[in-house]
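The data block below is target.cif; it holds mmCIF, C-alpha atoms.
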data_work
#
loop_
_atom_site.label_atom_id
_atom_site.label_comp_id
_atom_site.auth_asym_id
_atom_site.auth_seq_id
_atom_site.Cartn_x
_atom_site.Cartn_y
_atom_site.Cartn_z
CA MET E 1 64.37 113.25 117.71
CA ARG E 2 64.68 112.69 113.97
CA SER E 3 65.25 109.10 112.91
CA ALA E 4 67.14 107.79 109.88
CA VAL E 5 65.61 105.07 107.74
CA ILE E 6 66.68 102.82 104.90
CA VAL E 7 64.28 103.20 101.99
CA ASP E 8 66.18 100.89 99.64
CA ILE E 9 69.47 99.02 99.59
CA VAL E 10 71.21 97.26 96.71
CA ARG E 11 74.44 95.65 95.64
CA THR E 12 76.16 94.17 92.64
CA ALA E 13 76.76 90.46 92.45
CA SER E 14 80.31 89.66 93.53
CA GLY E 15 83.04 89.00 90.99
CA LYS E 16 86.40 87.35 91.52
CA GLY E 17 88.88 90.12 92.23
CA LYS E 18 91.52 89.14 89.70
CA PRO E 19 92.16 89.64 85.99
CA GLY E 20 89.52 87.68 84.12
CA GLY E 21 87.00 87.91 86.95
CA ALA E 22 83.45 88.61 85.84
CA LEU E 23 83.56 92.30 86.85
CA SER E 24 87.23 92.98 86.11
CA GLY E 25 86.30 94.74 82.88
CA VAL E 26 84.00 97.20 84.65
CA HIS E 27 85.47 100.42 86.02
CA PRO E 28 84.73 100.89 89.76
CA VAL E 29 83.18 104.29 88.99
CA ASP E 30 80.67 102.49 86.78
CA LEU E 31 80.08 99.76 89.37
CA PHE E 32 79.05 102.29 91.99
CA GLY E 33 77.47 104.69 89.52
CA THR E 34 75.15 101.96 88.25
CA LEU E 35 73.85 101.47 91.79
CA LEU E 36 73.27 105.20 92.25
CA ALA E 37 71.22 105.36 89.06
CA SER E 38 69.34 102.21 90.03
CA LEU E 39 68.36 103.57 93.45
CA ALA E 40 66.94 106.69 91.80
CA GLU E 41 65.06 104.66 89.18
CA ARG E 42 63.74 101.99 91.58
CA ASN E 43 62.32 104.63 93.89
CA ASP E 44 61.21 107.21 91.30
CA LEU E 45 63.55 109.61 93.06
CA ASP E 46 64.70 112.92 91.60
CA PRO E 47 68.51 112.76 92.13
CA ALA E 48 68.50 116.51 92.76
CA VAL E 49 67.08 115.90 96.25
CA VAL E 50 70.16 113.88 97.30
CA ASP E 51 72.15 116.00 99.75
CA ASP E 52 75.31 113.91 99.60
CA VAL E 53 76.77 110.60 98.43
CA ILE E 54 79.22 108.91 100.80
CA ALA E 55 81.23 105.96 99.50
CA GLY E 56 83.63 103.65 101.26
CA CYS E 57 86.75 102.60 99.36
CA VAL E 58 89.97 101.18 100.79
CA THR E 59 92.48 101.23 97.96
CA GLN E 60 92.14 104.80 96.76
CA ALA E 61 94.69 104.48 93.97
CA GLY E 62 94.63 103.93 90.22
CA ASP E 63 91.04 103.59 88.99
CA GLN E 64 89.80 104.28 92.52
CA ALA E 65 91.74 107.49 93.10
CA LEU E 66 90.51 111.08 93.10
CA ASN E 67 87.24 110.63 95.04
CA VAL E 68 85.46 107.67 93.45
CA ALA E 69 82.17 108.80 95.06
CA ARG E 70 82.07 112.12 93.23
CA ASN E 71 83.11 110.50 89.96
CA ALA E 72 80.32 107.93 90.31
CA VAL E 73 77.78 110.69 91.00
CA LEU E 74 78.68 112.32 87.70
CA ALA E 75 78.87 109.02 85.82
CA ALA E 76 75.37 108.15 87.07
CA GLY E 77 74.03 111.31 85.44
CA PHE E 78 73.11 113.01 88.70
CA PRO E 79 72.96 116.82 88.69
CA ILE E 80 76.36 118.43 89.10
CA GLU E 81 75.10 120.01 92.33
CA VAL E 82 75.04 116.60 94.08
CA PRO E 83 78.36 116.18 95.96
CA GLY E 84 80.20 113.02 96.88
CA THR E 85 82.95 112.03 99.27
CA THR E 86 85.00 108.89 99.81
CA VAL E 87 85.92 107.47 103.22
CA ASP E 88 88.34 104.79 104.40
CA ARG E 89 87.75 102.81 107.55
CA GLN E 90 89.34 99.79 105.97
CA CYS E 91 86.97 96.81 105.59
CA GLY E 92 84.21 98.71 107.41
CA SER E 93 84.33 101.70 105.06
CA SER E 94 80.83 101.40 103.60
CA GLN E 95 79.37 100.51 107.00
CA GLN E 96 80.98 103.69 108.30
CA ALA E 97 79.53 105.53 105.31
CA THR E 98 76.04 104.47 106.40
CA HIS E 99 76.82 105.65 109.94
CA PHE E 100 77.90 109.07 108.70
CA ALA E 101 74.83 109.30 106.47
CA ALA E 102 72.34 108.23 109.14
CA GLN E 103 73.96 110.37 111.81
CA GLY E 104 73.80 113.35 109.45
CA VAL E 105 70.09 112.72 108.94
CA ILE E 106 69.47 112.41 112.68
CA ALA E 107 71.40 115.64 113.30
CA GLY E 108 69.37 117.49 110.69
CA ALA E 109 72.32 118.12 108.36
CA TYR E 110 70.85 115.87 105.65
CA ASP E 111 67.39 114.89 104.48
CA VAL E 112 68.40 112.39 101.78
CA VAL E 113 71.76 110.61 101.45
CA ILE E 114 73.09 107.66 99.50
CA ALA E 115 75.80 105.71 101.34
CA GLY E 116 77.69 102.66 100.18
CA GLY E 117 81.02 101.60 98.81
CA VAL E 118 83.00 99.99 96.05
CA GLU E 119 86.16 97.97 95.58
CA SER E 120 87.59 96.59 92.36
CA MET E 121 90.37 94.41 93.68
CA SER E 122 91.18 93.25 90.16
CA ARG E 123 91.87 96.80 88.98
CA ALA E 124 93.19 98.38 92.19
CA PRO E 125 95.02 95.54 93.96
CA MET E 126 95.07 95.48 97.74
CA PHE E 127 97.98 97.48 99.22
CA SER E 128 98.73 99.21 95.90
CA SER E 129 97.95 102.55 97.57
CA ALA E 130 100.82 101.91 100.04
CA ARG E 131 103.58 101.41 97.51
CA GLY E 132 106.81 103.18 98.33
CA GLY E 133 106.79 102.40 102.05
CA HIS E 134 104.86 100.69 104.82
CA PRO E 135 102.42 103.20 106.36
CA MET E 136 102.57 101.50 109.76
CA ALA E 137 106.37 101.55 109.99
CA PRO E 138 106.48 104.54 112.40
CA LEU E 139 104.43 102.50 114.90
CA GLY E 140 107.16 99.89 115.31
CA GLU E 141 108.43 101.27 118.62
CA ARG E 142 104.99 101.15 120.25
CA PHE E 143 103.81 97.97 118.51
CA PRO E 144 106.87 95.84 117.70
CA SER E 145 104.88 92.83 116.46
CA LEU E 146 102.45 94.34 113.97
CA PRO E 147 101.43 91.36 111.82
CA ASN E 148 99.42 91.03 108.67
CA GLN E 149 95.74 90.20 109.06
CA GLY E 150 96.31 86.52 108.36
CA ILE E 151 98.56 86.22 111.41
CA GLY E 152 95.87 88.01 113.42
CA ALA E 153 93.34 85.44 112.22
CA GLU E 154 95.70 82.63 113.24
CA ARG E 155 96.20 84.14 116.70
CA ILE E 156 92.43 84.39 117.16
CA ALA E 157 92.06 80.73 116.19
CA ALA E 158 94.70 79.81 118.76
CA GLN E 159 93.24 82.00 121.52
CA TRP E 160 89.71 80.64 121.05
CA ARG E 161 90.95 77.08 120.43
CA LEU E 162 89.45 76.84 116.97
CA ASP E 163 90.96 73.94 115.07
CA ARG E 164 91.18 73.40 111.32
CA GLU E 165 88.05 71.26 111.20
CA ALA E 166 85.96 73.94 112.93
CA LEU E 167 87.18 76.62 110.51
CA ASP E 168 86.62 74.47 107.44
CA THR E 169 83.20 73.28 108.62
CA PHE E 170 82.08 76.88 109.09
CA SER E 171 83.43 77.81 105.65
CA ALA E 172 81.71 74.94 103.86
CA GLU E 173 78.45 75.94 105.55
CA SER E 174 78.90 79.52 104.33
CA HIS E 175 79.02 78.26 100.75
CA ARG E 176 76.07 75.93 101.32
CA ARG E 177 73.91 78.71 102.73
CA ALA E 178 74.86 81.14 99.97
CA ALA E 179 74.21 78.53 97.27
CA THR E 180 70.82 77.71 98.81
CA ALA E 181 69.90 81.39 98.98
CA THR E 182 70.93 81.87 95.36
CA ALA E 183 68.91 78.88 94.19
CA GLY E 184 65.89 80.15 96.13
CA GLY E 185 66.08 83.64 94.61
CA ASP E 186 66.76 85.21 98.00
CA PHE E 187 69.27 87.70 96.57
CA GLY E 188 67.04 88.83 93.73
CA GLN E 189 65.74 91.93 95.49
CA GLU E 190 69.18 93.23 96.41
CA ILE E 191 71.26 92.52 93.29
CA VAL E 192 71.29 95.14 90.52
CA PRO E 193 72.37 93.80 87.10
CA ILE E 194 75.69 95.11 85.79
CA ALA E 195 76.15 95.48 82.04
CA LEU E 196 79.28 93.72 80.75
CA SER E 197 81.24 94.54 77.60
CA ASP E 198 79.72 91.59 75.72
CA GLY E 199 76.23 93.02 76.24
CA SER E 200 75.23 90.49 78.90
CA LEU E 201 73.96 91.36 82.38
CA TYR E 202 75.84 90.07 85.41
CA THR E 203 73.47 89.03 88.20
CA GLU E 204 74.87 86.08 90.18
CA ASP E 205 77.77 85.91 92.66
CA GLU E 206 80.83 84.36 91.02
CA THR E 207 82.53 83.60 94.34
CA ILE E 208 80.08 80.95 95.61
CA ARG E 209 81.29 77.36 95.25
CA ALA E 210 78.24 75.17 95.80
CA THR E 211 80.30 71.96 95.84
CA THR E 212 82.59 73.08 98.67
CA SER E 213 83.11 70.33 101.25
CA VAL E 214 85.05 70.01 104.49
CA GLU E 215 87.01 67.17 102.91
CA GLY E 216 88.01 69.32 99.94
CA LEU E 217 89.00 72.26 102.14
CA ALA E 218 91.18 69.97 104.26
CA ASP E 219 93.57 69.55 101.31
CA LEU E 220 94.51 73.24 101.22
CA ARG E 221 97.79 74.38 102.71
CA PRO E 222 98.08 77.17 105.33
CA SER E 223 98.44 80.59 103.76
CA PHE E 224 100.65 82.37 106.29
CA TYR E 225 103.09 79.74 107.57
CA ASN E 226 106.81 80.31 107.24
CA ASP E 227 109.77 79.56 109.50
CA GLU E 228 110.08 83.14 110.76
CA MET E 229 106.40 83.38 111.72
CA ALA E 230 106.45 79.92 113.26
CA ALA E 231 109.34 80.95 115.51
CA ARG E 232 107.69 84.23 116.47
CA TYR E 233 104.26 82.71 117.23
CA PRO E 234 104.78 79.18 118.59
CA GLU E 235 101.19 79.08 119.86
CA ILE E 236 99.73 79.25 116.35
CA GLY E 237 98.40 76.03 114.82
CA TRP E 238 98.52 77.33 111.22
CA HIS E 239 94.92 76.67 110.23
CA ILE E 240 94.10 79.66 107.99
CA THR E 241 93.90 78.74 104.29
CA PRO E 242 92.38 80.27 101.15
CA GLY E 243 89.36 78.04 101.77
CA ASN E 244 88.48 79.46 105.18
CA SER E 245 89.25 83.07 104.22
CA SER E 246 87.32 85.56 102.10
CA PRO E 247 88.41 85.77 98.45
CA LEU E 248 89.64 88.83 96.61
CA THR E 249 86.48 90.38 95.22
CA ASP E 250 85.08 93.07 92.94
CA GLY E 251 81.74 94.64 93.91
CA ALA E 252 79.74 97.60 95.13
CA SER E 253 76.74 98.32 97.33
CA ALA E 254 74.59 101.32 98.21
CA ALA E 255 71.72 102.37 100.50
CA LEU E 256 69.16 105.15 100.11
CA ILE E 257 68.89 106.76 103.54
CA MET E 258 66.64 109.61 104.63
CA SER E 259 64.59 110.98 107.48
CA GLU E 260 61.20 109.37 108.10
CA GLN E 261 59.58 112.75 107.48
CA LYS E 262 61.24 113.08 104.07
CA ALA E 263 60.28 109.54 103.13
CA SER E 264 56.67 110.37 103.94
CA GLN E 265 56.83 113.58 101.90
CA LEU E 266 58.20 111.66 98.92
CA GLY E 267 55.65 108.87 99.25
CA LEU E 268 58.31 106.26 99.98
CA THR E 269 58.01 103.39 102.44
CA PRO E 270 60.97 102.88 104.81
CA ARG E 271 62.22 99.31 105.12
CA ALA E 272 64.36 99.65 108.26
CA ARG E 273 65.38 102.19 110.88
CA PHE E 274 68.88 102.79 112.22
CA HIS E 275 68.63 101.95 115.92
CA SER E 276 72.17 102.17 117.36
CA PHE E 277 75.76 102.71 116.27
CA ALA E 278 79.19 101.92 117.68
CA VAL E 279 82.78 102.15 116.52
CA VAL E 280 85.83 101.05 118.49
CA GLY E 281 89.56 100.67 118.26
CA SER E 282 91.12 97.33 119.19
CA ASP E 283 94.58 95.82 119.62
CA PRO E 284 96.36 96.34 116.26
CA GLU E 285 98.75 93.47 116.97
CA ILE E 286 95.93 90.92 116.77
CA MET E 287 93.82 93.34 114.72
CA LEU E 288 90.57 91.39 114.20
CA THR E 289 88.96 91.17 117.67
CA GLY E 290 87.20 94.53 117.37
CA PRO E 291 83.77 93.07 116.49
CA ILE E 292 83.52 91.65 120.01
CA SER E 293 84.03 94.96 121.81
CA ALA E 294 81.97 96.84 119.20
CA THR E 295 79.06 94.45 119.76
CA HIS E 296 79.23 94.86 123.53
CA LYS E 297 79.20 98.64 123.03
CA VAL E 298 76.31 98.75 120.55
CA LEU E 299 74.16 96.40 122.66
CA ARG E 300 74.71 98.62 125.72
CA ARG E 301 73.75 101.70 123.73
CA ALA E 302 70.67 99.98 122.34
CA GLY E 303 69.53 98.58 125.68
CA LEU E 304 69.30 95.14 124.07
CA THR E 305 70.83 91.72 124.60
CA ILE E 306 72.07 89.28 122.00
CA GLY E 307 68.87 87.32 122.60
CA ASP E 308 66.84 90.26 121.27
CA ILE E 309 68.62 90.13 117.91
CA ASP E 310 66.96 88.14 115.12
CA ALA E 311 69.92 88.01 112.72
CA TYR E 312 73.59 88.91 112.96
CA GLU E 313 75.98 89.59 110.12
CA VAL E 314 79.60 89.24 111.24
CA ASN E 315 81.97 89.67 108.33
CA GLU E 316 83.78 86.49 107.37
CA ALA E 317 87.16 88.02 106.56
CA PHE E 318 88.50 84.78 108.04
CA ALA E 319 86.41 82.01 109.60
CA SER E 320 88.08 82.48 112.98
CA VAL E 321 86.63 86.01 113.33
CA PRO E 322 82.88 85.15 113.39
CA LEU E 323 83.54 81.91 115.27
CA ALA E 324 85.36 83.75 118.08
CA TRP E 325 82.55 86.34 118.10
CA ALA E 326 79.95 83.57 118.32
CA ALA E 327 81.77 81.95 121.24
CA GLU E 328 81.96 85.27 123.10
CA PHE E 329 78.20 85.84 122.85
CA ASN E 330 77.03 82.21 122.96
CA SER E 331 74.97 83.11 119.92
CA ASP E 332 72.54 81.04 117.89
CA PRO E 333 74.47 79.52 114.93
CA GLY E 334 71.34 79.66 112.78
CA LYS E 335 71.17 83.47 113.11
CA LEU E 336 74.82 84.04 112.19
CA ASN E 337 75.21 84.97 108.52
CA PRO E 338 72.06 83.00 107.65
CA ARG E 339 72.47 83.46 103.89
CA GLY E 340 76.20 82.82 103.89
CA GLY E 341 78.99 85.32 104.42
CA ALA E 342 82.08 86.76 102.80
CA ILE E 343 83.84 83.39 102.51
CA ALA E 344 81.21 82.53 99.89
CA LEU E 345 79.77 85.90 98.85
CA GLY E 346 83.08 87.73 98.66
CA HIS E 347 84.65 90.67 100.43
CA PRO E 348 85.05 93.71 98.17
CA LEU E 349 86.66 95.68 101.03
CA GLY E 350 85.12 99.15 100.73
CA GLY E 351 81.81 97.72 99.49
CA SER E 352 81.34 94.95 102.05
CA GLY E 353 79.59 96.85 104.84
CA THR E 354 76.54 97.82 102.82
CA ARG E 355 76.53 94.39 101.17
CA LEU E 356 76.09 92.78 104.58
CA MET E 357 73.36 95.26 105.42
CA ALA E 358 71.50 94.61 102.15
CA THR E 359 71.46 90.90 102.83
CA MET E 360 70.41 91.45 106.46
CA VAL E 361 67.51 93.78 105.56
CA ASN E 362 66.17 91.31 103.03
CA HIS E 363 66.54 88.38 105.45
CA LEU E 364 64.68 90.24 108.22
CA GLU E 365 61.87 91.03 105.80
CA ALA E 366 61.65 87.44 104.62
CA THR E 367 61.60 85.98 108.12
CA GLY E 368 59.66 88.68 110.00
CA GLY E 369 62.60 89.43 112.29
CA ARG E 370 62.73 92.78 114.06
CA TYR E 371 66.36 93.54 114.95
CA GLY E 372 69.51 92.91 112.96
CA LEU E 373 73.09 93.44 114.16
CA GLN E 374 76.04 93.88 111.84
CA THR E 375 79.71 94.12 112.74
CA MET E 376 82.93 94.20 110.79
CA CYS E 377 86.60 93.75 111.70
CA GLU E 378 88.86 96.40 110.19
CA GLY E 379 92.53 96.79 109.38
CA GLY E 380 94.65 98.52 111.99
CA GLY E 381 92.49 97.18 114.81
CA MET E 382 89.01 98.72 114.61
CA ALA E 383 85.38 97.66 114.21
CA ASN E 384 81.97 99.11 113.50
CA ALA E 385 78.68 97.73 114.79
CA THR E 386 75.19 98.69 113.71
CA ILE E 387 71.72 97.65 114.91
CA ILE E 388 68.81 98.18 112.58
CA GLU E 389 65.09 97.66 113.19
CA ARG E 390 62.91 96.29 110.42
CA LEU E 391 59.82 98.38 109.69
CA GLY E 392 56.52 97.28 108.22
#
Structure translated into structure tokens:
Amino acid sequence: MRSAVIVDIVRTASGKGKPGGALSGVHPVDLFGTLLASLAERNDLDPAVVDDVIAGCVTQAGDQALNVARNAVLAAGFPIEVPGTTVDRQCGSSQQATHFAAQGVIAGAYDVVIAGGVESMSRAPMFSSARGGHPMAPLGERFPSLPNQGIGAERIAAQWRLDREALDTFSAESHRRAATATAGGDFGQEIVPIALSDGSLYTEDETIRATTSVEGLADLRPSFYNDEMAARYPEIGWHITPGNSSPLTDGASAALIMSEQKASQLGLTPRARFHSFAVVGSDPEIMLTGPISATHKVLRRAGLTIGDIDAYEVNEAFASVPLAWAAEFNSDPGKLNPRGGAIALGHPLGGSGTRLMATMVNHLEATGGRYGLQTMCEGGGMANATIIERLG
């Protein structure tokens, strides 16, 4: 059977997803297009051999409308014959893009694909694509208590008995790990410089706060408390704050994926192999528990246990999500988001999946680990999970 490998994987540094953020002046087409051009240049790859470009993007409106993947292909200077398509599986969109790409390679439909994603939350604000009506409104009869994701995060904290101190301690550690990795140059291999309008190059994550402390986070007020929600969910302790949630973020990421045979023909050295895939639906009324069932599913498919995994990236949309996941699998805290997660490194929605994978590939290479597992909670109650195997 054909196998799909990652030859290279890159990302932008994260920018604050608001006006005035470091990347707010860069069009999302240029964010993703810069990565496409970089992958070709870094690997001395003729772009004409790319069979397809698959990009994840959640808010497909405004600057991100009209198939941002195809527009980025053209902006990158690729031949007009190279197609592109944009997919939306909410926060897991770029992880799903890598699944589609790798599965296409395994099936023989592709030889070379670039998969990734982009989100400029400063230029295409979250939910702006849903203006004019709530897209989930017709589901009210079946699911009468559809909450926002923050309420889902609060319900997870209550169900797994995660108090404010546990959430804030985890969040402060995310910043500490990310700051340590930055200072040690650990992100240097994965970050592609982005040219800004003033002529400078942007290369370091703006969202990391190295001075973050549990004491400082304790002063923040809950984000989702109000009298109506308190009456509806009396079990909630109201512990979710901006400090233990991922920030609004601008960023992009991309992976060069191909068959092992094609990599050999092109004289390229694969860095990792796709081992197993899973995608699941989960309860949309709590919304964010999908990573647990997706992980069970992908481990079964892989024939592995959590003890076989050398690093796990569980997206830190809210601190309660990876902490509940960790409790379910009795996992090693040192292997969970070892270079920090989205609370520190940001969560550019459609670009987050490949960002996690870029960090995981580089961490496995640096530590000599063999297997990495990545999973991502997704809006509407879904999750993807991926297991990769480091090569070399």
Exercise for review: Carefully work through the PyMOL selection byres ((chain E and resi 5) around 8) for this structure and note down the residues it includes, as a PyMOL selection string.
Suggested key: chain E and resi 3-4+6-7+102+257-260+270-274
Review point. Could you list as a list in words every residue that has an atom within 8 Å of (74.6, 98.9, 120.7), using the file's coordinates and counting all atoms listed in the file?
Key: Ser276, Phe277, Ala278, Ala294, Thr295, His296, Lys297, Val298, Leu299, Arg300, Arg301, Ala302, Gly303, Leu304, Ala385, Thr386 and Ile387 of chain E
Review point. Taking (67.0, 112.1, 115.4) in the file's coordinates as the center, which residues reach within 9 Å of it, counting all atoms listed in the file, put as number ranges by chain?
Key: E: 1-4, 103, 105-108, 259
What residues come out when you apply the PyMOL selection byres ((chain E and resi 178) around 9) to this file, written as an mmCIF file with C-alpha atoms, keeping the file's coordinate frame?
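Result file part-v6.cif:
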data_model
loop_
_atom_site.group_PDB
_atom_site.id
_atom_site.type_symbol
_atom_site.label_atom_id
_atom_site.label_comp_id
_atom_site.auth_asym_id
_atom_site.auth_seq_id
_atom_site.Cartn_x
_atom_site.Cartn_y
_atom_site.Cartn_z
ATOM 1 C CA GLU E 173 78.450 75.940 105.550
ATOM 2 C CA SER E 174 78.900 79.520 104.330
ATOM 3 C CA HIS E 175 79.020 78.260 100.750
ATOM 4 C CA ARG E 176 76.070 75.930 101.320
ATOM 5 C CA ARG E 177 73.910 78.710 102.730
ATOM 6 C CA ALA E 179 74.210 78.530 97.270
ATOM 7 C CA THR E 180 70.820 77.710 98.810
ATOM 8 C CA ALA E 181 69.900 81.390 98.980
ATOM 9 C CA THR E 182 70.930 81.870 95.360
ATOM 10 C CA ALA E 183 68.910 78.880 94.190
ATOM 11 C CA ILE E 208 80.080 80.950 95.610
ATOM 12 C CA ARG E 209 81.290 77.360 95.250
ATOM 13 C CA ALA E 210 78.240 75.170 95.800
ATOM 14 C CA PRO E 338 72.060 83.000 107.650
ATOM 15 C CA ARG E 339 72.470 83.460 103.890
ATOM 16 C CA GLY E 340 76.200 82.820 103.890
ATOM 17 C CA GLY E 341 78.990 85.320 104.420
ATOM 18 C CA ALA E 344 81.210 82.530 99.890
ATOM 19 C CA LEU E 345 79.770 85.900 98.850
#
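Between Pro147 of chain E and the residues E:Ser352, E:Glu389, E:Met357, E:Asp283, the shortest atom-to-atom distance, using all atoms listed in the file, involves E:Asp283.
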Check your understanding: Residues at most 6 Å from segment 85-100 of chain E, counting all atoms listed in the file, excluding those fewer than 4 positions away in the same chain, as a PyMOL selection string?
Key -> chain E and resi 54-58+67+69+104+115-117+349-351+353-354+376+378-379
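For the atom pair formed by atom CA of Ala255 of chain E and atom CA of Leu288 of chain E, the distance is 25.8 Å, given to one decimal.
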Exercise for review: Would you kindly return, as a PyMOL selection string, each protein, DNA or RNA residue with an atom no farther than 8 Å from any atom of Ala324 of chain E, considering all atoms listed in the file and excluding same-chain residues fewer than 3 positions away?
Suggested key: chain E and resi 156-157+160+320-321+327-328
Exercise for review: Can you pull out every residue within 8 Å of segment 366-373 of chain E, counting all atoms listed in the file, but drop anything in the same chain fewer than 3 positions away, and send it as a list of chain:residue names?
Suggested key: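 The filter keeps E:Asp308, E:Ile309, E:Asp310, E:Ala311, E:Tyr312, E:Glu313, E:Met360, E:Val361, E:Asn362, E:His363, E:Ala385, E:Thr386, E:Ile387, E:Ile388, E:Glu389, E:Arg390, E:Leu391.
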Taking the file above as input, evaluate the PyMOL selection byres ((chain E and resi 221) around 9) and report the hits as a PDB file with C-alpha atoms, keeping the file's coordinate frame.
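Full text of part-v2.pdb as output:
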ATOM      1  CA  ALA E 218      91.180  69.970 104.260  1.00  0.00           C
ATOM      2  CA  ASP E 219      93.570  69.550 101.310  1.00  0.00           C
ATOM      3  CA  LEU E 220      94.510  73.240 101.220  1.00  0.00           C
ATOM      4  CA  PRO E 222      98.080  77.170 105.330  1.00  0.00           C
ATOM      5  CA  SER E 223      98.440  80.590 103.760  1.00  0.00           C
ATOM      6  CA  TYR E 225     103.090  79.740 107.570  1.00  0.00           C
ATOM      7  CA  HIS E 239      94.920  76.670 110.230  1.00  0.00           C
ATOM      8  CA  ILE E 240      94.100  79.660 107.990  1.00  0.00           C
ATOM      9  CA  THR E 241      93.900  78.740 104.290  1.00  0.00           C
ATOM     10  CA  PRO E 242      92.380  80.270 101.150  1.00  0.00           C
TER      11      PRO E 242
END
Kindly reconstruct segment 250-264 of chain E with N, CA and C atoms and present the result as a short mmCIF file (atom, residue, chain, number, x, y, z; two decimals), in the frame of the given file.
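The result, stored in selection_8.cif:
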data_model
loop_
_atom_site.label_atom_id
_atom_site.label_comp_id
_atom_site.auth_asym_id
_atom_site.auth_seq_id
_atom_site.Cartn_x
_atom_site.Cartn_y
_atom_site.Cartn_z
N ASP E 250 85.55 91.82 93.51
CA ASP E 250 85.08 93.07 92.94
C ASP E 250 83.60 93.22 93.28
N GLY E 251 83.17 94.43 93.65
CA GLY E 251 81.74 94.64 93.91
C GLY E 251 81.47 96.00 94.50
N ALA E 252 80.19 96.32 94.57
CA ALA E 252 79.74 97.60 95.13
C ALA E 252 78.38 97.40 95.79
N SER E 253 78.02 98.36 96.63
CA SER E 253 76.74 98.32 97.33
C SER E 253 76.34 99.74 97.69
N ALA E 254 75.04 99.97 97.91
CA ALA E 254 74.59 101.32 98.21
C ALA E 254 73.22 101.29 98.87
N ALA E 255 72.98 102.25 99.77
CA ALA E 255 71.72 102.37 100.50
C ALA E 255 71.17 103.78 100.35
N LEU E 256 69.86 103.86 100.15
CA LEU E 256 69.16 105.15 100.11
C LEU E 256 68.62 105.42 101.51
N ILE E 257 69.15 106.46 102.14
CA ILE E 257 68.89 106.76 103.54
C ILE E 257 68.28 108.15 103.64
N MET E 258 67.26 108.30 104.47
CA MET E 258 66.64 109.61 104.63
C MET E 258 65.91 109.67 105.96
N SER E 259 65.41 110.85 106.28
CA SER E 259 64.59 110.98 107.48
C SER E 259 63.22 110.36 107.22
N GLU E 260 62.56 109.92 108.27
CA GLU E 260 61.20 109.37 108.10
C GLU E 260 60.26 110.42 107.53
N GLN E 261 60.45 111.67 107.98
CA GLN E 261 59.58 112.75 107.48
C GLN E 261 59.76 112.93 105.97
N LYS E 262 61.00 112.90 105.50
CA LYS E 262 61.24 113.08 104.07
C LYS E 262 60.69 111.90 103.28
N ALA E 263 60.84 110.70 103.81
CA ALA E 263 60.28 109.54 103.13
C ALA E 263 58.78 109.69 102.96
N SER E 264 58.12 110.16 104.01
CA SER E 264 56.67 110.37 103.94
C SER E 264 56.32 111.43 102.89
#
